[in-house]
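Asker: Quick one: the structure is below, questions incoming.
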Amino acid sequence: MREVGIVGIGHTKFGKSAVPYLDMCCNAALEAMDDAGAKTGRKNVIDQVFVGTMGAGMVNRLSGAASAVVDTLNLRPAMAETVENGPASGASALKLAYAAIASGMCDCVLVIGGEAMREVTGWEGTDFVATMLHPTGEYPYGLTLPAFAGMFTRLCMDKYGVTSRDLSIVSVKNHDNACLNPNAHIHSRVKLERITDERYIAATNPLVADPLRQYDMCPVSDGAAALLLVAKDKQEELGFGHKPFIKVAGIASATDTHYVADREEPSDLLAVRLSAQKAYKMAGVGPEDIDVAELHDAFQILEIAESEETGLFPRGSGHLAARERKTEIHGEMPINTSGGLKAKGHPLGGTGVSQIVELVKQLRGEAGDRQVKDAKTALAVNFGGFGNNVVSTVLKAE
Amino acid sequence: MEQMYAYKCTKCGKLHHPRYIVCQNPDCDGREFEQIPLEGKCKLLTWTRVYNLPEGYMMPWLNFGIVEFENGVRATGQIGFDDGIKSGMELVSSVGVIRTKVIKYKETVEEPVYGFVFQKA
Amino acid sequence: MLKDYDVIIDEMEGKLRPPTVGMVPYEPKVIPLTTGEDMLVREASREELVMIMDAIVPLFNHPKDYYDIVAARIYTEILGMLRYRVQDEYFFVGAVDGEIAGIVNGRLVNEKVGMSYHTMTLKRGVRVGAQLFAAKMEYHFDFMNQDEVFIVAESPNGFKRWMIEYELEPRFECPHELGGVPTFVLTRALWEKHKANKNVGIRPAFEDVIEANKVLHMPAKINV
């Protein structure tokens, strides 16, 4: 198969978007195209556009987002498809872009992930996100993603001794990292003792889904990110020869039971493990080769569990690694240098693409104050549903 | 009051909840199921109390849990009491209203939905 | 200027002024914010109220999250207090390093019933509003020993924070002073049930935090 790599990246400021959904996606796309030097109109070389979004149709009342983007950016007659895989829509869009180029169908593909969640109230948003749960066995009960994260956290606490303080340690780290990321949603440092001290924890860090607290989960964000991918054998010819080629070395997804209660071991995230193993195999690397990782910490417990399921740390020790500060930017295994979903923000369909943007910056050596030294190989995990459809990606600096 | 069911594959006998179209036993391809009442004693595997409820729930919190019935079937549901919830405790399942409003395209209608509400054994 | 509101208390003015049930002072407390900052919650002085009044005028044109109506109503409620035209009104401020982070107010209807007015957050995202609302309920129940407080919400955020999280009792037959919109009531029983999770603060307040908030100012730019 042909080698596929990233030559352009774009990213809006996450948070509350000042512009409509479509504009936000187009702004990220143009930034990625300008980064690579891609042109519009008659000079366009983009064969295909994929837009990853969970709620454009449902929340923003815009169906066929990719068709709208292609037209707005004057990229016609490029092919266009909208991709939906819940909060992993972004990485799924990247996976399809990879396949489109590797197969020879396309030479150059634009991937956009974007979500504008803040157009609706928190209650409506919570309900909308919960629609990806099992349609008869879970959603009608009023169950939500935080509810499952709460139940999952309790299992991990009982089984591995993870504490509420461990979750706060991860949260504080990600807030610190986000302060170094101009595109992050939240730019405020959080003091560990303020969100853990028993005397006032009820007020500063209230329970949201017992035992999960407010600082153990991500905010609701608007935002978009974009990537321009090309075939290695066409990079020069299409005019992107001057940009570093960040290779998509491995990309794979895996699914797990929709009904979470049906999982043989409910404290496992099987789809994370399987997708990471497949992506490693495709890239010819192992967890020991990973220099920096962006893991899907919609809930802080997920950063810990994913760091184990992807083999970065042994099972049951991810929280210990966090306690020992191993996952900080200058630690031995930096995780979520961008601030993660916790503090960079989590615009559902935007997240998977945003993770890749961060890793491309790391591999290009353009991450500024949050640069991981000598980063050559990177891992991203984008988590859909409550872990029932997960995409893992391995990137390599060429 | 509605009854909750497990769905027994008529080919291999595997019990399911909720309902599937194809048997979940990897070595079976059954497509027919017999409904068997799913009720009685169960054990709480994990639980949570959720304070940020979605649209349609006007209450400060709701408790949810995953249980395992004596026949091995696992199910998710609401927990119908507040005090003394602990993982591993024995519960008994009941059927109750788990939602009073259903969100449809363009409108939200009053329509009770029934499901598991686990009670103290 | 506060002196603009000074009038000679002649016989007529004396008759216009409302009676009082006798308010006890609110003891200041320190609430630690997640950012690591300490917020002092204390009563606002009359001078500070004049400053707040001037500073919130730009919010009259800020419809987002109902800041317009809340600011306009707070403005008149401050006037009511400065002009002695509201019975037993109180104003508390939350402040961090001398900068006002939020304002709450309300009044006593009689010895047993309180009327909650407004909660306005100027420093958003660190639970200032929730803390200040709890502080005023603390005043009604734990300082003034009242039985119940009438509450309404102007915004959906408020409705969720107060009506749902405190499980307020609907009492629509008793119109609230704020426009007669449906009234909800925080009863003593509900307060006792929820206060452990809602009402925090360190007393006596740390001396350095009191000192840092002796002189208050509004944020240079109100960014809500």
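Ligands are numbered from 1 in the order shown, residues from 1 within each chain, and chains are lettered A, B, ... in the order they appear in the structure tokens.
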From a DSSP calculation on the backbone, collect every residue of chain B in strand (DSSP E) and output the set as a PyMOL selection string.

Answerer: chain B and resi 5-9+15-16+33-37+40-50+62-69+74-79+90-104+107-120

Asker: Would you mind listing, as a PyMOL selection string, all residues of chain B that have at least one atom within 9 Å of chain C, where only C-alpha atoms are what counts?

Answerer: chain B and resi 51+58-61

Asker: Mind running chain A against chain B at 7 Å and telling me each contacting residue's nearest atom pair with the distance in Å (one decimal), counting only C-alpha atoms, chain and number ascending, as JSON lines?

Answerer:
```
{"residue": "A:Trp123", "atom": "CA", "partner": "B:Glu55", "partner_atom": "CA", "distance": 4.7}
{"residue": "A:Glu124", "atom": "CA", "partner": "B:Glu55", "partner_atom": "CA", "distance": 5.5}
{"residue": "A:Thr126", "atom": "CA", "partner": "B:Pro54", "partner_atom": "CA", "distance": 5.3}
{"residue": "A:Asp127", "atom": "CA", "partner": "B:Pro54", "partner_atom": "CA", "distance": 4.9}
{"residue": "A:Gly137", "atom": "CA", "partner": "B:Pro18", "partner_atom": "CA", "distance": 5.8}
{"residue": "A:Glu138", "atom": "CA", "partner": "B:Thr76", "partner_atom": "CA", "distance": 6.8}
{"residue": "A:Pro140", "atom": "CA", "partner": "B:Arg99", "partner_atom": "CA", "distance": 6.6}
{"residue": "A:Tyr141", "atom": "CA", "partner": "B:Ile98", "partner_atom": "CA", "distance": 5.2}
{"residue": "A:Gly142", "atom": "CA", "partner": "B:Pro54", "partner_atom": "CA", "distance": 6.7}
{"residue": "A:Ala147", "atom": "CA", "partner": "B:Val50", "partner_atom": "CA", "distance": 6.1}
{"residue": "A:Gly150", "atom": "CA", "partner": "B:Thr48", "partner_atom": "CA", "distance": 5.6}
{"residue": "A:Met151", "atom": "CA", "partner": "B:Trp47", "partner_atom": "CA", "distance": 5.1}
{"residue": "A:Arg154", "atom": "CA", "partner": "B:Thr46", "partner_atom": "CA", "distance": 6.6}
{"residue": "A:Leu155", "atom": "CA", "partner": "B:Thr46", "partner_atom": "CA", "distance": 6.4}
{"residue": "A:Val208", "atom": "CA", "partner": "B:Tyr51", "partner_atom": "CA", "distance": 5.1}
{"residue": "A:Ala209", "atom": "CA", "partner": "B:Val50", "partner_atom": "CA", "distance": 4.1}
{"residue": "A:Asp210", "atom": "CA", "partner": "B:Arg49", "partner_atom": "CA", "distance": 5.0}
{"residue": "A:Pro211", "atom": "CA", "partner": "B:Thr48", "partner_atom": "CA", "distance": 6.9}
{"residue": "A:Ala261", "atom": "CA", "partner": "B:Arg74", "partner_atom": "CA", "distance": 5.8}
{"residue": "A:Asp262", "atom": "CA", "partner": "B:Arg74", "partner_atom": "CA", "distance": 6.3}
```

Asker: Would you write out those residues with C-alpha atoms, as a CSV table (one decimal), in the first residue's frame?

Answerer:
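Output file selection_18.csv is given in full below:
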```csv
chain,number,residue,atom,x,y,z
A,123,TRP,CA,-29.3,19.3,29.4
A,124,GLU,CA,-30.1,19.0,25.7
A,126,THR,CA,-26.2,15.7,27.7
A,127,ASP,CA,-29.3,14.0,26.2
A,137,GLY,CA,-31.2,-1.1,27.4
A,138,GLU,CA,-29.5,2.2,28.4
A,140,PRO,CA,-34.3,5.3,28.0
A,141,TYR,CA,-33.2,5.0,31.7
A,142,GLY,CA,-31.7,8.5,31.8
A,147,ALA,CA,-23.1,7.7,34.4
A,150,GLY,CA,-18.9,6.9,37.1
A,151,MET,CA,-19.7,3.2,37.2
A,154,ARG,CA,-15.9,2.7,40.8
A,155,LEU,CA,-14.9,-0.7,39.3
A,208,VAL,CA,-21.3,14.7,39.1
A,209,ALA,CA,-21.6,11.0,38.8
A,210,ASP,CA,-20.4,9.5,42.1
A,211,PRO,CA,-17.5,8.9,42.4
A,261,ALA,CA,-23.2,-4.5,31.1
A,262,ASP,CA,-22.6,-7.4,28.7
```

Asker: At a cut-off of 12 Å, can you tabulate as CSV every residue of chain A near chain C together with its closest atom pair and the distance in Å to one decimal, using only C-alpha atoms and ordering rows by chain then number?

Answerer:
```
residue,atom,partner,partner_atom,distance
A:Val120,CA,C:Pro156,CA,11.8
A:Thr121,CA,C:Pro156,CA,8.6
A:Gly122,CA,C:Asn157,CA,9.1
A:Trp123,CA,C:Lys160,CA,9.5
A:Glu124,CA,C:Pro156,CA,11.9
A:Ser168,CA,C:Thr34,CA,11.4
A:Ser171,CA,C:Thr34,CA,11.7
A:Val172,CA,C:Thr34,CA,10.3
A:His175,CA,C:Thr35,CA,10.4
A:Asp176,CA,C:Thr35,CA,11.3
A:His185,CA,C:Gly125,CA,11.7
A:Ile186,CA,C:Gly125,CA,9.6
A:His187,CA,C:Thr35,CA,10.6
A:Ser188,CA,C:Thr35,CA,6.9
A:Arg189,CA,C:Thr35,CA,6.0
A:Val190,CA,C:Thr35,CA,4.7
A:Lys191,CA,C:Gly36,CA,5.3
A:Leu192,CA,C:Thr34,CA,8.3
A:Glu193,CA,C:Gly36,CA,8.4
A:Arg194,CA,C:Thr34,CA,5.2
A:Ile195,CA,C:Thr34,CA,6.0
A:Thr196,CA,C:Thr34,CA,9.6
A:Asp197,CA,C:Pro32,CA,10.0
A:Glu198,CA,C:Val200,CA,11.0
A:Arg199,CA,C:Val200,CA,8.0
A:Tyr200,CA,C:Val200,CA,6.1
A:Ile201,CA,C:Asn197,CA,8.9
A:Ala202,CA,C:Asn197,CA,5.2
A:Ala203,CA,C:Lys198,CA,5.9
A:Thr204,CA,C:Thr34,CA,5.9
A:Asn205,CA,C:Thr34,CA,7.7
A:Pro206,CA,C:Asn197,CA,7.9
A:Leu207,CA,C:Asn197,CA,9.3
A:Val208,CA,C:Glu165,CA,11.6
A:Gln214,CA,C:Arg127,CA,10.7
A:Tyr215,CA,C:Thr34,CA,9.4
A:Pro219,CA,C:Gly125,CA,10.5
```

Asker: At what distance in Å, to one decimal, does CA of Phe150 (chain C) lie from CA of Arg46 (chain C)?

Answerer: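 Taking CA of Arg46 (chain C) and CA of Phe150 (chain C), their separation equals 24.9 Å.
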
Asker: Find the residues around Asp54 (chain C) up to 10 Å (only C-alpha atoms counted), leave out those fewer than 5 positions away in its own chain, and share them as a ChimeraX atom specification.

Answerer: /C:1,49,75,218

Asker: Store the residues picked out above, limited to N, CA and C atoms, as a PDB file, in the first residue's frame.

Answerer:
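Saved as again-v2.pdb:
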```pdb
ATOM      1  N   MET C   1     -21.682  58.892  43.662  1.00  0.00           N
ATOM      2  CA  MET C   1     -21.235  59.263  45.007  1.00  0.00           C
ATOM      3  C   MET C   1     -22.327  58.933  46.018  1.00  0.00           C
ATOM      4  N   LEU C  49     -21.757  49.649  47.154  1.00  0.00           N
ATOM      5  CA  LEU C  49     -22.964  49.467  46.346  1.00  0.00           C
ATOM      6  C   LEU C  49     -23.070  50.531  45.255  1.00  0.00           C
ATOM      7  N   TYR C  75     -29.626  46.823  39.868  1.00  0.00           N
ATOM      8  CA  TYR C  75     -29.442  48.277  39.921  1.00  0.00           C
ATOM      9  C   TYR C  75     -30.560  48.921  40.746  1.00  0.00           C
ATOM     10  N   MET C 218     -14.389  46.808  40.957  1.00  0.00           N
ATOM     11  CA  MET C 218     -15.028  45.932  39.988  1.00  0.00           C
ATOM     12  C   MET C 218     -13.968  45.493  38.976  1.00  0.00           C
TER      13      MET C 218
END
```

Asker: Smallest atom-to-atom distance to Val86 (chain C): which of C:Thr119, C:Thr20, C:Ser45, C:Gln146, using only C-alpha atoms?

Answerer: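 Result for the nearest residue to Val86 (chain C): C:Thr20.
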
Asker: One number please: CA of Cys106 (chain A) to CA of Met24 (chain A), in Å, one decimal.

Answerer: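 Separation of CA of Cys106 (chain A) and CA of Met24 (chain A): 25.3 Å.
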
Asker: At a cut-off of 12 Å, using only C-alpha atoms, what residues contact Lys214 (chain C)? Leave out same-chain residues fewer than 4 positions from it and give the result as an mmCIF file with N, CA and C atoms, in the first residue's frame.

Answerer:
```
data_model
loop_
_atom_site.group_PDB
_atom_site.id
_atom_site.type_symbol
_atom_site.label_atom_id
_atom_site.label_comp_id
_atom_site.auth_asym_id
_atom_site.auth_seq_id
_atom_site.Cartn_x
_atom_site.Cartn_y
_atom_site.Cartn_z
ATOM 1 N N PRO C 28 -18.117 37.256 57.879
ATOM 2 C CA PRO C 28 -17.403 36.946 56.631
ATOM 3 C C PRO C 28 -16.820 35.533 56.656
ATOM 4 N N LEU C 40 -13.307 35.952 49.462
ATOM 5 C CA LEU C 40 -13.935 36.401 50.710
ATOM 6 C C LEU C 40 -15.388 36.729 50.413
ATOM 7 N N VAL C 41 -16.294 36.217 51.252
ATOM 8 C CA VAL C 41 -17.707 36.581 51.130
ATOM 9 C C VAL C 41 -18.045 37.446 52.337
ATOM 10 N N ARG C 42 -18.520 38.640 52.067
ATOM 11 C CA ARG C 42 -18.876 39.545 53.164
ATOM 12 C C ARG C 42 -19.966 40.503 52.718
ATOM 13 N N GLU C 43 -20.512 41.241 53.680
ATOM 14 C CA GLU C 43 -21.518 42.240 53.330
ATOM 15 C C GLU C 43 -20.856 43.372 52.551
ATOM 16 N N ALA C 44 -21.604 43.943 51.612
ATOM 17 C CA ALA C 44 -21.094 45.095 50.868
ATOM 18 C C ALA C 44 -21.452 46.367 51.626
ATOM 19 N N SER C 45 -20.540 47.334 51.600
ATOM 20 C CA SER C 45 -20.832 48.612 52.254
ATOM 21 C C SER C 45 -21.672 49.466 51.307
ATOM 22 N N GLU C 48 -19.619 50.742 48.485
ATOM 23 C CA GLU C 48 -19.354 49.727 47.462
ATOM 24 C C GLU C 48 -20.571 49.508 46.560
ATOM 25 N N VAL C 93 -20.999 40.426 48.800
ATOM 26 C CA VAL C 93 -20.107 40.316 47.639
ATOM 27 C C VAL C 93 -19.141 39.172 47.873
ATOM 28 N N ALA C 95 -15.292 38.336 46.735
ATOM 29 C CA ALA C 95 -14.190 39.095 46.145
ATOM 30 C C ALA C 95 -12.883 38.320 46.268
ATOM 31 N N VAL C 96 -12.069 38.467 45.230
ATOM 32 C CA VAL C 96 -10.755 37.818 45.203
ATOM 33 C C VAL C 96 -9.708 38.908 45.001
ATOM 34 N N ASP C 97 -8.791 39.024 45.932
ATOM 35 C CA ASP C 97 -7.737 40.040 45.865
ATOM 36 C C ASP C 97 -8.303 41.425 45.563
ATOM 37 N N GLY C 98 -9.399 41.734 46.185
ATOM 38 C CA GLY C 98 -9.968 43.076 46.050
ATOM 39 C C GLY C 98 -10.889 43.241 44.855
ATOM 40 N N GLU C 99 -10.951 42.222 43.993
ATOM 41 C CA GLU C 99 -11.796 42.342 42.807
ATOM 42 C C GLU C 99 -13.100 41.577 43.024
ATOM 43 N N ILE C 100 -14.215 42.247 42.723
ATOM 44 C CA ILE C 100 -15.519 41.623 42.963
ATOM 45 C C ILE C 100 -15.754 40.493 41.964
ATOM 46 N N GLU C 207 -7.131 36.531 58.231
ATOM 47 C CA GLU C 207 -6.869 37.973 58.321
ATOM 48 C C GLU C 207 -6.341 38.547 57.007
ATOM 49 N N ASP C 208 -5.416 37.807 56.377
ATOM 50 C CA ASP C 208 -4.809 38.362 55.154
ATOM 51 C C ASP C 208 -5.837 38.461 54.026
ATOM 52 N N VAL C 209 -6.800 37.541 54.026
ATOM 53 C CA VAL C 209 -7.826 37.599 52.975
ATOM 54 C C VAL C 209 -8.783 38.761 53.249
ATOM 55 N N ILE C 210 -9.098 38.978 54.517
ATOM 56 C CA ILE C 210 -9.935 40.130 54.870
ATOM 57 C C ILE C 210 -9.228 41.419 54.451
#
```

Asker: From the set A:Ala56, A:Ala32, A:Ile112, A:Ala367, which residue has the shortest atom-to-atom contact distance to Phe128 (chain A), counting only C-alpha atoms?

Answerer: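 Nearest to Phe128 (chain A): A:Ala56.
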
Asker: Find the residues around Gly349 (chain A) up to 6 Å (only C-alpha atoms counted), leave out those fewer than 5 positions away in its own chain, and share them as a count of residues only.

Answerer: 9
